[in-house]
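Content type PDB, C-alpha atoms, pLDDT in the B column, from the file model24.pdb:
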ATOM      1  CA  MET C   7      71.326 128.445  79.643  1.00 58.00           C
ATOM      2  CA  ASP C   8      68.140 128.491  77.581  1.00 68.00           C
ATOM      3  CA  ASP C   9      69.117 125.162  76.018  1.00 91.00           C
ATOM      4  CA  VAL C  10      69.057 123.426  79.417  1.00 93.00           C
ATOM      5  CA  ARG C  11      65.653 124.892  80.239  1.00 94.00           C
ATOM      6  CA  LEU C  12      64.309 123.761  76.875  1.00 95.00           C
ATOM      7  CA  LYS C  13      65.670 120.231  77.332  1.00 94.00           C
ATOM      8  CA  ILE C  14      64.192 119.886  80.813  1.00 94.00           C
ATOM      9  CA  GLY C  15      60.878 121.345  79.710  1.00 96.00           C
ATOM     10  CA  GLN C  16      60.664 119.053  76.701  1.00 96.00           C
ATOM     11  CA  ARG C  17      61.524 116.004  78.811  1.00 95.00           C
ATOM     12  CA  ILE C  18      58.791 116.846  81.318  1.00 96.00           C
ATOM     13  CA  LYS C  19      56.294 117.368  78.497  1.00 97.00           C
ATOM     14  CA  ASP C  20      57.296 114.061  76.878  1.00 97.00           C
ATOM     15  CA  LEU C  21      56.872 112.182  80.166  1.00 96.00           C
ATOM     16  CA  ARG C  22      53.556 113.887  80.828  1.00 96.00           C
ATOM     17  CA  ASP C  23      52.278 113.090  77.335  1.00 97.00           C
ATOM     18  CA  LYS C  24      53.446 109.481  77.685  1.00 95.00           C
ATOM     19  CA  THR C  25      51.163 109.078  80.703  1.00 94.00           C
ATOM     20  CA  ASN C  26      48.267 110.934  79.030  1.00 96.00           C
ATOM     21  CA  MET C  27      48.343 113.496  81.828  1.00 97.00           C
ATOM     22  CA  SER C  28      47.207 117.067  81.239  1.00 97.00           C
ATOM     23  CA  GLN C  29      49.117 120.066  82.540  1.00 97.00           C
ATOM     24  CA  LYS C  30      46.203 120.643  84.889  1.00 98.00           C
ATOM     25  CA  ASP C  31      46.464 117.093  86.265  1.00 98.00           C
ATOM     26  CA  LEU C  32      50.225 117.365  86.696  1.00 98.00           C
ATOM     27  CA  SER C  33      49.936 120.716  88.408  1.00 98.00           C
ATOM     28  CA  TYR C  34      47.340 119.349  90.824  1.00 98.00           C
ATOM     29  CA  ILE C  35      49.328 116.239  91.729  1.00 98.00           C
ATOM     30  CA  ALA C  36      52.627 118.152  92.012  1.00 98.00           C
ATOM     31  CA  ASP C  37      50.956 121.015  93.920  1.00 98.00           C
ATOM     32  CA  LEU C  38      52.179 123.605  91.401  1.00 98.00           C
ATOM     33  CA  ASP C  39      50.305 126.164  89.322  1.00 97.00           C
ATOM     34  CA  ARG C  40      49.255 125.054  85.827  1.00 97.00           C
ATOM     35  CA  SER C  41      50.769 128.164  84.243  1.00 97.00           C
ATOM     36  CA  TYR C  42      54.044 127.339  86.011  1.00 98.00           C
ATOM     37  CA  ILE C  43      54.042 123.860  84.422  1.00 98.00           C
ATOM     38  CA  ALA C  44      53.357 125.439  81.016  1.00 98.00           C
ATOM     39  CA  SER C  45      56.244 127.889  81.422  1.00 97.00           C
ATOM     40  CA  ILE C  46      58.604 125.062  82.433  1.00 97.00           C
ATOM     41  CA  GLU C  47      57.592 122.980  79.428  1.00 97.00           C
ATOM     42  CA  SER C  48      58.121 125.917  77.084  1.00 96.00           C
ATOM     43  CA  GLY C  49      61.602 126.562  78.524  1.00 94.00           C
ATOM     44  CA  LYS C  50      60.692 129.973  79.903  1.00 94.00           C
ATOM     45  CA  ARG C  51      61.130 129.057  83.564  1.00 91.00           C
ATOM     46  CA  ASN C  52      64.258 128.238  85.529  1.00 92.00           C
ATOM     47  CA  VAL C  53      62.731 125.443  87.593  1.00 94.00           C
ATOM     48  CA  SER C  54      64.123 124.704  91.048  1.00 95.00           C
ATOM     49  CA  ILE C  55      65.369 121.298  92.122  1.00 94.00           C
ATOM     50  CA  VAL C  56      62.610 121.145  94.725  1.00 96.00           C
ATOM     51  CA  ASN C  57      59.968 121.619  92.035  1.00 97.00           C
ATOM     52  CA  ILE C  58      61.676 119.133  89.722  1.00 96.00           C
ATOM     53  CA  GLU C  59      61.378 116.607  92.540  1.00 95.00           C
ATOM     54  CA  LYS C  60      57.640 117.364  92.894  1.00 97.00           C
ATOM     55  CA  ILE C  61      57.144 116.899  89.158  1.00 97.00           C
ATOM     56  CA  VAL C  62      59.177 113.680  89.086  1.00 96.00           C
ATOM     57  CA  LYS C  63      57.099 112.225  91.901  1.00 96.00           C
ATOM     58  CA  ALA C  64      53.858 113.294  90.246  1.00 97.00           C
ATOM     59  CA  LEU C  65      54.944 111.625  86.994  1.00 97.00           C
ATOM     60  CA  ASN C  66      56.033 108.530  88.923  1.00 95.00           C
ATOM     61  CA  VAL C  67      59.540 108.508  87.431  1.00 93.00           C
ATOM     62  CA  THR C  68      63.021 108.819  88.923  1.00 89.00           C
ATOM     63  CA  LEU C  69      65.789 111.337  88.408  1.00 81.00           C
ATOM     64  CA  ASN C  70      68.252 108.532  87.734  1.00 77.00           C
ATOM     65  CA  PRO C  71      69.059 108.587  83.983  1.00 66.00           C
ATOM     66  CA  THR C  72      69.754 104.832  83.827  1.00 60.00           C
TER      67      THR C  72
END
Please lay out the structure from this file as structure tokens.
Amino acid sequence: MDDVRLKIGQRIKDLRDKTNMSQKDLSYIADLDRSYIASIESGKRNVSIVNIEKIVKALNVTLNPT
């Protein structure tokens, strides 16, 4: 289970870094707490699908892997 959380967290961090967005910026746009974003990126949080959708929209990416 931890492996999935780490993979998701790392992917979010990579996408955020790619857009030069800070955790604070992402949290503001996604309407989530900055510490929550940090805990997702570190793999400590089991993020809900609803919050993944908020993050995806804030990063302007899709959930489609292709």
All residues 12 Å or closer to Gln16 in chain C, all atoms listed in the file, same chain fewer than 6 positions away omitted, as a PDB file with C-alpha atoms, in the frame of the given file:
ATOM      1  CA  ASP C   9      69.117 125.162  76.018  1.00 91.00           C
ATOM      2  CA  VAL C  10      69.057 123.426  79.417  1.00 93.00           C
ATOM      3  CA  ARG C  22      53.556 113.887  80.828  1.00 96.00           C
ATOM      4  CA  ASP C  23      52.278 113.090  77.335  1.00 97.00           C
ATOM      5  CA  ILE C  43      54.042 123.860  84.422  1.00 98.00           C
ATOM      6  CA  ALA C  44      53.357 125.439  81.016  1.00 98.00           C
ATOM      7  CA  SER C  45      56.244 127.889  81.422  1.00 97.00           C
ATOM      8  CA  ILE C  46      58.604 125.062  82.433  1.00 97.00           C
ATOM      9  CA  GLU C  47      57.592 122.980  79.428  1.00 97.00           C
ATOM     10  CA  SER C  48      58.121 125.917  77.084  1.00 96.00           C
ATOM     11  CA  GLY C  49      61.602 126.562  78.524  1.00 94.00           C
ATOM     12  CA  LYS C  50      60.692 129.973  79.903  1.00 94.00           C
TER      13      LYS C  50
END
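Between CA of Met27 in chain C and CA of Val56 in chain C the separation is 20.7 Å.
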**OP:** One decimal, Å: what's the distance from CA of Lys24 in chain C over to CA of Ser41 in chain C, could you say?
**Re:**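 Between CA of Lys24 in chain C and CA of Ser41 in chain C the gap works out to 20.0 Å.
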**OP:** Grab the CA of Lys63 in chain C to CA of Ser28 in chain C distance for me, in Å with one decimal place.
**Re:**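 These two atoms are separated by 15.3 Å.
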Enumerate, as a PDB file with C-alpha atoms, in the coordinates of the input, the residues matched when the PyMOL selection byres ((chain C and resi 69) around 12) is run on the file above.
ATOM      1  CA  ILE C  14      64.192 119.886  80.813  1.00 94.00           C
ATOM      2  CA  ARG C  17      61.524 116.004  78.811  1.00 95.00           C
ATOM      3  CA  ILE C  18      58.791 116.846  81.318  1.00 96.00           C
ATOM      4  CA  ILE C  55      65.369 121.298  92.122  1.00 94.00           C
ATOM      5  CA  ILE C  58      61.676 119.133  89.722  1.00 96.00           C
ATOM      6  CA  GLU C  59      61.378 116.607  92.540  1.00 95.00           C
ATOM      7  CA  LYS C  60      57.640 117.364  92.894  1.00 97.00           C
ATOM      8  CA  ILE C  61      57.144 116.899  89.158  1.00 97.00           C
ATOM      9  CA  VAL C  62      59.177 113.680  89.086  1.00 96.00           C
ATOM     10  CA  LYS C  63      57.099 112.225  91.901  1.00 96.00           C
ATOM     11  CA  LEU C  65      54.944 111.625  86.994  1.00 97.00           C
ATOM     12  CA  ASN C  66      56.033 108.530  88.923  1.00 95.00           C
ATOM     13  CA  VAL C  67      59.540 108.508  87.431  1.00 93.00           C
ATOM     14  CA  THR C  68      63.021 108.819  88.923  1.00 89.00           C
ATOM     15  CA  ASN C  70      68.252 108.532  87.734  1.00 77.00           C
ATOM     16  CA  PRO C  71      69.059 108.587  83.983  1.00 66.00           C
ATOM     17  CA  THR C  72      69.754 104.832  83.827  1.00 60.00           C
TER      18      THR C  72
END
